[in-house]
$ cat protein_12.txt   # compact mmCIF, C-alpha atoms and all ligand atoms
# COMPACT_ATOMS: atom_id res chain seq x y z
CA MET A 26 6.39 -18.92 -17.95
CA GLN A 27 5.83 -20.32 -14.47
CA ASN A 28 5.19 -17.82 -11.69
CA ASN A 29 7.03 -17.65 -8.42
CA THR A 30 7.78 -15.21 -5.66
CA PHE A 31 11.43 -14.41 -6.38
CA SER A 32 12.10 -10.69 -5.99
CA THR A 33 14.35 -10.54 -9.04
CA LEU A 34 13.98 -8.91 -12.44
CA PHE A 35 14.69 -12.05 -14.45
CA VAL A 36 16.84 -14.67 -12.74
CA GLY A 37 14.46 -17.35 -11.50
CA GLN A 38 11.31 -15.67 -12.80
CA ASN A 39 10.83 -18.67 -15.09
CA LEU A 40 11.43 -21.49 -12.63
CA ILE A 41 11.02 -25.06 -13.83
CA LYS A 42 11.02 -27.60 -11.01
CA LEU A 43 11.66 -31.22 -11.91
CA LEU A 44 11.18 -34.22 -9.68
CA ALA A 45 13.98 -36.17 -11.35
CA VAL A 46 16.41 -35.57 -14.19
CA ASP A 47 19.81 -36.85 -15.31
CA SER A 48 21.46 -33.42 -15.12
CA THR A 49 19.86 -29.96 -15.00
CA ASN A 50 22.64 -28.65 -17.27
CA SER A 51 21.95 -31.35 -19.87
CA PHE A 52 18.18 -30.80 -19.56
CA LEU A 53 18.55 -27.06 -20.18
CA LYS A 54 20.85 -27.72 -23.14
CA ARG A 55 18.27 -30.11 -24.64
CA MET A 56 15.51 -27.53 -24.11
CA LEU A 57 17.59 -24.89 -25.91
CA SER A 58 18.09 -27.08 -28.94
CA ASN A 59 14.55 -28.49 -29.07
CA SER A 60 12.11 -25.76 -28.16
CA GLU A 61 11.17 -22.11 -28.47
CA PRO A 62 13.79 -19.66 -27.17
CA LEU A 63 13.72 -19.53 -23.38
CA PRO A 64 13.78 -16.27 -21.42
CA GLU A 65 17.13 -15.26 -19.99
CA GLY A 66 17.25 -16.15 -16.31
CA THR A 67 15.28 -19.40 -16.71
CA VAL A 68 16.13 -21.74 -13.84
CA ILE A 69 15.83 -25.51 -13.97
CA MET A 70 15.98 -27.17 -10.56
CA ALA A 71 15.74 -30.83 -9.74
CA GLU A 72 14.81 -32.62 -6.56
CA ASN A 73 16.66 -35.71 -7.72
CA GLN A 74 19.55 -35.25 -10.13
CA TYR A 75 20.69 -38.82 -10.72
CA SER A 76 23.50 -38.28 -13.23
CA GLY A 77 24.93 -34.89 -12.28
CA ARG A 78 28.05 -33.69 -14.04
CA GLY A 79 31.02 -31.93 -12.45
CA GLN A 80 34.17 -30.26 -13.75
CA VAL A 81 36.48 -32.26 -16.02
CA GLU A 82 34.07 -35.13 -16.68
CA SER A 83 33.59 -35.87 -12.98
CA ILE A 84 30.30 -37.03 -11.46
CA TRP A 85 28.36 -34.79 -9.10
CA HIS A 86 26.77 -36.98 -6.40
CA THR A 87 23.90 -35.56 -4.37
CA GLU A 88 21.31 -37.07 -2.05
CA PRO A 89 17.78 -36.63 -3.52
CA GLY A 90 15.57 -33.99 -1.89
CA LYS A 91 18.33 -32.66 0.40
CA ASN A 92 20.40 -30.33 -1.74
CA LEU A 93 20.25 -27.62 -4.38
CA THR A 94 20.98 -28.73 -7.94
CA PHE A 95 19.99 -26.16 -10.53
CA SER A 96 21.00 -24.48 -13.79
CA ILE A 97 20.49 -20.90 -14.90
CA LEU A 98 20.30 -19.70 -18.49
CA LEU A 99 22.22 -16.48 -19.18
CA ASN A 100 22.92 -14.72 -22.49
CA PRO A 101 26.15 -12.79 -21.90
CA SER A 102 26.60 -11.81 -25.55
CA PHE A 103 28.26 -8.61 -24.27
CA LEU A 104 31.25 -10.63 -23.03
CA PRO A 105 34.20 -11.31 -25.36
CA ILE A 106 35.21 -14.99 -25.25
CA GLN A 107 38.67 -14.10 -23.88
CA GLN A 108 36.96 -12.64 -20.84
CA GLN A 109 34.53 -15.44 -20.16
CA PHE A 110 36.17 -16.23 -16.84
CA THR A 111 34.87 -12.92 -15.48
CA LEU A 112 31.42 -14.55 -15.56
CA ASN A 113 32.77 -17.39 -13.37
CA MET A 114 34.06 -14.70 -11.01
CA ALA A 115 30.69 -12.93 -10.93
CA ILE A 116 28.84 -16.18 -10.19
CA SER A 117 31.29 -17.29 -7.47
CA VAL A 118 31.18 -13.88 -5.78
CA ALA A 119 27.37 -13.90 -5.83
CA ILE A 120 27.24 -17.35 -4.20
CA GLN A 121 29.64 -16.15 -1.53
CA HIS A 122 27.43 -13.19 -0.70
CA ALA A 123 24.31 -15.37 -0.56
CA LEU A 124 25.86 -18.09 1.62
CA ARG A 125 28.00 -15.85 3.85
CA ASN A 126 24.74 -14.26 5.02
CA ILE A 127 24.04 -17.57 6.75
CA THR A 128 27.46 -19.15 7.35
CA GLY A 129 29.52 -16.09 8.22
CA HIS A 130 33.25 -16.27 7.49
CA GLY A 131 34.99 -19.54 6.76
CA LEU A 132 33.37 -19.68 3.34
CA THR A 133 35.72 -19.24 0.37
CA ILE A 134 36.08 -19.79 -3.36
CA LYS A 135 38.58 -22.48 -4.21
CA TRP A 136 40.01 -21.61 -7.61
CA PRO A 137 38.47 -21.70 -10.09
CA ASN A 138 34.96 -21.84 -8.62
CA ASP A 139 34.48 -24.46 -5.93
CA ILE A 140 32.58 -23.39 -2.85
CA TYR A 141 34.58 -24.20 0.27
CA TYR A 142 33.91 -24.00 3.98
CA LEU A 143 37.24 -24.25 5.82
CA ASP A 144 38.89 -27.21 4.07
CA ARG A 145 35.73 -28.90 2.77
CA LYS A 146 33.92 -28.54 -0.50
CA ILE A 147 30.26 -27.69 0.01
CA GLY A 148 29.39 -26.82 -3.57
CA GLY A 149 30.53 -26.49 -7.14
CA VAL A 150 29.79 -24.64 -10.34
CA LEU A 151 29.83 -26.00 -13.87
CA ILE A 152 29.52 -23.29 -16.53
CA GLU A 153 28.93 -24.44 -20.11
CA ASN A 154 29.04 -21.90 -22.93
CA ILE A 155 27.33 -22.14 -26.29
CA LEU A 156 29.43 -20.06 -28.67
CA SER A 157 28.49 -18.20 -31.83
CA GLY A 158 31.62 -17.00 -33.65
CA SER A 159 33.68 -15.04 -31.15
CA ARG A 160 30.77 -14.33 -28.80
CA ILE A 161 29.01 -16.29 -26.08
CA LYS A 162 25.48 -16.95 -27.34
CA ALA A 163 24.13 -18.73 -24.30
CA CYS A 164 25.58 -19.83 -21.06
CA ILE A 165 24.36 -22.59 -18.76
CA VAL A 166 25.39 -21.97 -15.19
CA GLY A 167 25.01 -25.20 -13.23
CA ILE A 168 25.24 -24.97 -9.47
CA GLY A 169 25.26 -27.72 -6.87
CA ILE A 170 25.22 -26.89 -3.17
CA ASN A 171 25.18 -29.42 -0.35
CA VAL A 172 22.49 -28.02 1.89
CA ASN A 173 20.67 -30.48 4.16
CA GLN A 174 22.74 -33.58 3.53
CA GLU A 175 23.87 -34.92 6.90
CA GLU A 176 26.40 -37.53 5.83
CA PHE A 177 28.63 -38.31 2.89
CA ASP A 178 29.91 -41.54 1.35
CA GLU A 179 33.11 -42.96 2.72
CA GLN A 180 35.09 -41.74 -0.32
CA LEU A 181 33.94 -38.12 0.21
CA LYS A 182 34.20 -38.07 4.02
CA GLY A 183 36.56 -35.38 5.27
CA ARG A 184 36.51 -33.64 1.88
CA ALA A 185 32.82 -32.76 1.36
CA GLY A 186 30.58 -30.79 3.70
CA SER A 187 27.13 -29.23 3.82
CA LEU A 188 25.35 -26.24 5.29
CA PHE A 189 23.65 -28.63 7.73
CA GLN A 190 27.03 -29.69 9.08
CA ILE A 191 27.98 -26.03 9.57
CA LEU A 192 24.71 -24.72 10.99
CA HIS A 193 23.30 -27.87 12.63
CA LYS A 194 19.88 -27.04 11.25
CA HIS A 195 17.97 -27.49 8.02
CA VAL A 196 17.69 -24.69 5.48
CA ASN A 197 14.66 -24.11 3.23
CA LEU A 198 15.80 -24.95 -0.29
CA ILE A 199 13.53 -22.57 -2.20
CA SER A 200 14.35 -19.58 0.05
CA LEU A 201 18.05 -20.28 -0.41
CA LEU A 202 17.60 -20.61 -4.16
CA ALA A 203 15.78 -17.24 -4.23
CA GLU A 204 18.61 -15.62 -2.27
CA ILE A 205 21.27 -17.03 -4.60
CA CYS A 206 19.32 -15.99 -7.72
CA SER A 207 19.00 -12.47 -6.40
CA HIS A 208 22.77 -12.17 -5.76
CA ILE A 209 23.59 -13.74 -9.14
CA GLU A 210 21.36 -11.23 -10.89
CA ALA A 211 23.01 -8.30 -9.09
CA SER A 212 26.52 -9.60 -9.86
CA TYR A 213 25.64 -10.34 -13.50
CA LEU A 214 24.17 -6.86 -14.01
CA LYS A 215 27.38 -5.33 -12.59
CA LEU A 216 29.40 -7.37 -15.07
CA LYS A 217 27.09 -6.31 -17.90
CA ALA A 218 27.54 -2.65 -16.91
CA GLY A 219 31.31 -3.17 -17.35
CA ASN A 220 31.87 -2.86 -13.64
CA TYR A 221 34.01 -5.93 -13.13
CA ILE A 222 37.09 -4.49 -11.40
CA ARG A 223 35.20 -4.63 -8.10
CA LEU A 224 33.98 -8.20 -8.84
CA ARG A 225 37.54 -9.27 -9.52
CA ASP A 226 38.76 -7.70 -6.27
CA GLU A 227 35.98 -9.45 -4.37
CA TYR A 228 36.80 -12.75 -6.08
CA LEU A 229 40.41 -12.46 -4.90
CA THR A 230 39.38 -11.44 -1.39
CA PHE A 231 37.13 -14.51 -1.11
CA LEU A 232 39.74 -16.86 -2.58
CA TYR A 233 40.78 -19.94 -0.60
CA ARG A 234 44.48 -19.63 0.39
CA TYR A 235 44.82 -16.18 -1.22
CA GLU A 236 48.25 -14.77 -0.34
CA LEU A 237 48.93 -17.67 2.03
CA LYS A 238 51.86 -20.03 1.69
CA ALA A 239 50.65 -23.54 0.97
CA ASN A 240 51.63 -26.71 -0.85
CA TYR A 241 50.70 -27.49 -4.45
CA ARG A 242 51.35 -30.52 -6.63
CA GLN A 243 52.31 -30.65 -10.29
CA ASN A 244 53.21 -33.91 -12.07
CA GLY A 245 53.58 -35.65 -8.71
CA GLU A 246 55.98 -33.03 -7.36
CA ILE A 247 55.02 -30.98 -4.30
CA PHE A 248 56.16 -27.39 -4.00
CA GLU A 249 55.33 -24.33 -1.92
CA GLY A 250 53.56 -21.33 -3.40
CA ARG A 251 51.45 -18.31 -2.58
CA ILE A 252 48.44 -17.35 -4.71
CA VAL A 253 48.97 -13.78 -5.90
CA ASP A 254 46.48 -13.41 -8.76
CA VAL A 255 43.83 -14.92 -11.03
CA SER A 256 43.58 -13.43 -14.53
CA ASP A 257 40.39 -12.57 -16.44
CA GLN A 258 41.15 -15.68 -18.50
CA GLY A 259 41.11 -17.79 -15.33
CA PHE A 260 44.84 -18.48 -14.98
CA LEU A 261 46.17 -18.86 -11.44
CA SER A 262 49.41 -17.06 -10.54
CA LEU A 263 51.54 -18.48 -7.77
CA GLU A 264 54.62 -16.92 -6.28
CA THR A 265 57.12 -19.76 -5.91
CA GLU A 266 60.77 -19.91 -4.96
CA SER A 267 61.60 -19.73 -8.67
CA GLY A 268 59.41 -16.69 -9.33
CA ILE A 269 55.79 -16.13 -10.39
CA LYS A 270 54.31 -19.12 -12.24
CA THR A 271 50.98 -19.19 -14.04
CA TYR A 272 48.76 -22.25 -14.29
CA ASN A 273 45.72 -23.32 -16.24
CA PHE A 274 42.91 -25.28 -14.62
CA LYS A 275 43.99 -28.88 -13.88
CA GLU A 276 47.68 -28.12 -14.38
CA ILE A 277 48.16 -28.11 -10.63
CA GLU A 278 46.44 -29.55 -7.59
CA PHE A 279 46.04 -28.09 -4.14
CA SER A 280 47.72 -30.37 -1.59
CA GLN A 281 45.56 -31.27 1.40
CA PRO A 282 46.54 -29.24 4.48
C1 LIG B 1 32.15 -29.31 -9.76
O1 LIG B 1 32.55 -28.80 -8.72
O2 LIG B 1 32.73 -30.29 -10.24
C2 LIG B 1 30.94 -28.74 -10.44
C3 LIG B 1 29.67 -29.37 -9.95
C4 LIG B 1 28.43 -28.79 -10.60
C5 LIG B 1 27.20 -29.55 -10.22
C6 LIG B 1 25.94 -28.88 -10.72
S1 LIG B 1 24.49 -29.58 -10.02
C7 LIG B 1 23.49 -28.74 -11.15
C8 LIG B 1 24.20 -28.74 -12.48
N1 LIG B 1 23.87 -29.92 -13.24
C9 LIG B 1 24.91 -30.74 -13.41
O3 LIG B 1 24.90 -31.83 -14.00
N2 LIG B 1 25.99 -30.20 -12.82
C10 LIG B 1 25.71 -28.91 -12.23
$ encode --input "protein_12.txt" --output "structure tokens"
Amino acid sequence: MQNNTFSTLFVGQNLIKLLAVDSTNSFLKRMLSNSEPLPEGTVIMAENQYSGRGQVESIWHTEPGKNLTFSILLNPSFLPIQQQFTLNMAISVAIQHALRNITGHGLTIKWPNDIYYLDRKIGGVLIENILSGSRIKACIVGIGINVNQEEFDEQLKGRAGSLFQILHKHVNLISLLAEICSHIEASYLKLKAGNYIRLRDEYLTFLYRYELKANYRQNGEIFEGRIVDVSDQGFLSLETESGIKTYNFKEIEFSQP
């Protein structure tokens, strides 16, 4: 186990820093299938993640040395599979607490777990579960946060942002990682203690466009709706002119404001 100065019980206590890797999630998955069991809370971080993966087979682009790209190993065997989205909630809430300390308000969670500042995405979460029967045996929580990146490619301009663009100063990557790990540990332990009602309330409070009227798109059709709930299974409920409708991830898109 590698030593570090994180003031946590287990998240980040075994910190493996890589200069370059395809994807920290894939690296952690390979380690789990090839080596001795790893301690819960192991963190793999990479300075240069050259083939990062995002939600629904997308690619996660990040400028080497400027941003946080890391994966955390958790073993939430206490969580029934039907409630696995509560872990997404716990992780998203923890990131909000860690980043709001430096950004203030304006930071939100865009359902299901994008990290937004105003109308720009500044980070994302990719959670991959390894199942054993009806339980979650291991969970790889991959997190990418745009920290010190000053500019984005043409195709991402106007949609992606970074902490540098918000704060106009650089942020120390390891200190920020330590802060996030500490909030994730606290949130995770609350979930483990069965205390997730509060997490769920916080998740909703931090939600982008929560209870606001906005436009959504489904099968090319734009309609107005108001987010009223997200279930423990991760379904989004919108109040529309034809009543409350519930959507799975990727069934609808948020229209740009
Ligand atoms: C998304 O919003 O699409 C999720 C992005 C998740 C990116 C992180 S970076 C660290 C970890 N390793 C990966 O390959 N992906 C996640």
$ residues_around --input "protein_12.txt" --residues "segment 141-151 of chain A" --least-positions-apart "2" --cutoff "6 Å" --atoms "all atoms listed in the file" --output "list in words"
Gly131, Leu132, Thr133, Ile134, Asp139, Gly167, Ile168, Gly169, Ile170, Asn171, Arg184, Ala185, Gly186 and Ser187 of chain A
$ residues_near_ligand --input "protein_12.txt" --ligand "ligand LIG 1 (chain B)" --cutoff "10 Å" --atoms "all atoms listed in the file" --output "VMD selection string"
chain A and resid 46 to 53 69 to 71 74 to 87 92 to 97 135 137 to 140 146 to 153 165 to 171
$ atom_distance --input "protein_12.txt" --atom1 "atom CA of Leu112 of chain A" --atom2 "atom CA of Arg55 of chain A"
22.3 Å
$ atom_distance --input "protein_12.txt" --atom1 "atom CA of Thr271 of chain A" --atom2 "atom CA of Phe231 of chain A"
19.5 Å
$ residues_near_point --input "protein_12.txt" --point "(46.5, -31.2, -1.6)" --cutoff "8 Å" --atoms "all atoms listed in the file" --output "compact mmCIF listing (two decimals) with C-alpha atoms, in the frame of the given file"
# COMPACT_ATOMS: atom_id res chain seq x y z
CA ASN A 240 51.63 -26.71 -0.85
CA TYR A 241 50.70 -27.49 -4.45
CA ARG A 242 51.35 -30.52 -6.63
CA GLU A 278 46.44 -29.55 -7.59
CA PHE A 279 46.04 -28.09 -4.14
CA SER A 280 47.72 -30.37 -1.59
CA GLN A 281 45.56 -31.27 1.40
CA PRO A 282 46.54 -29.24 4.48
$ residues_around --input "protein_12.txt" --residues "Glu210 of chain A" --least-positions-apart "6" --cutoff "8 Å" --atoms "only C-alpha atoms" --output "ChimeraX atom specification"
/A:33-36
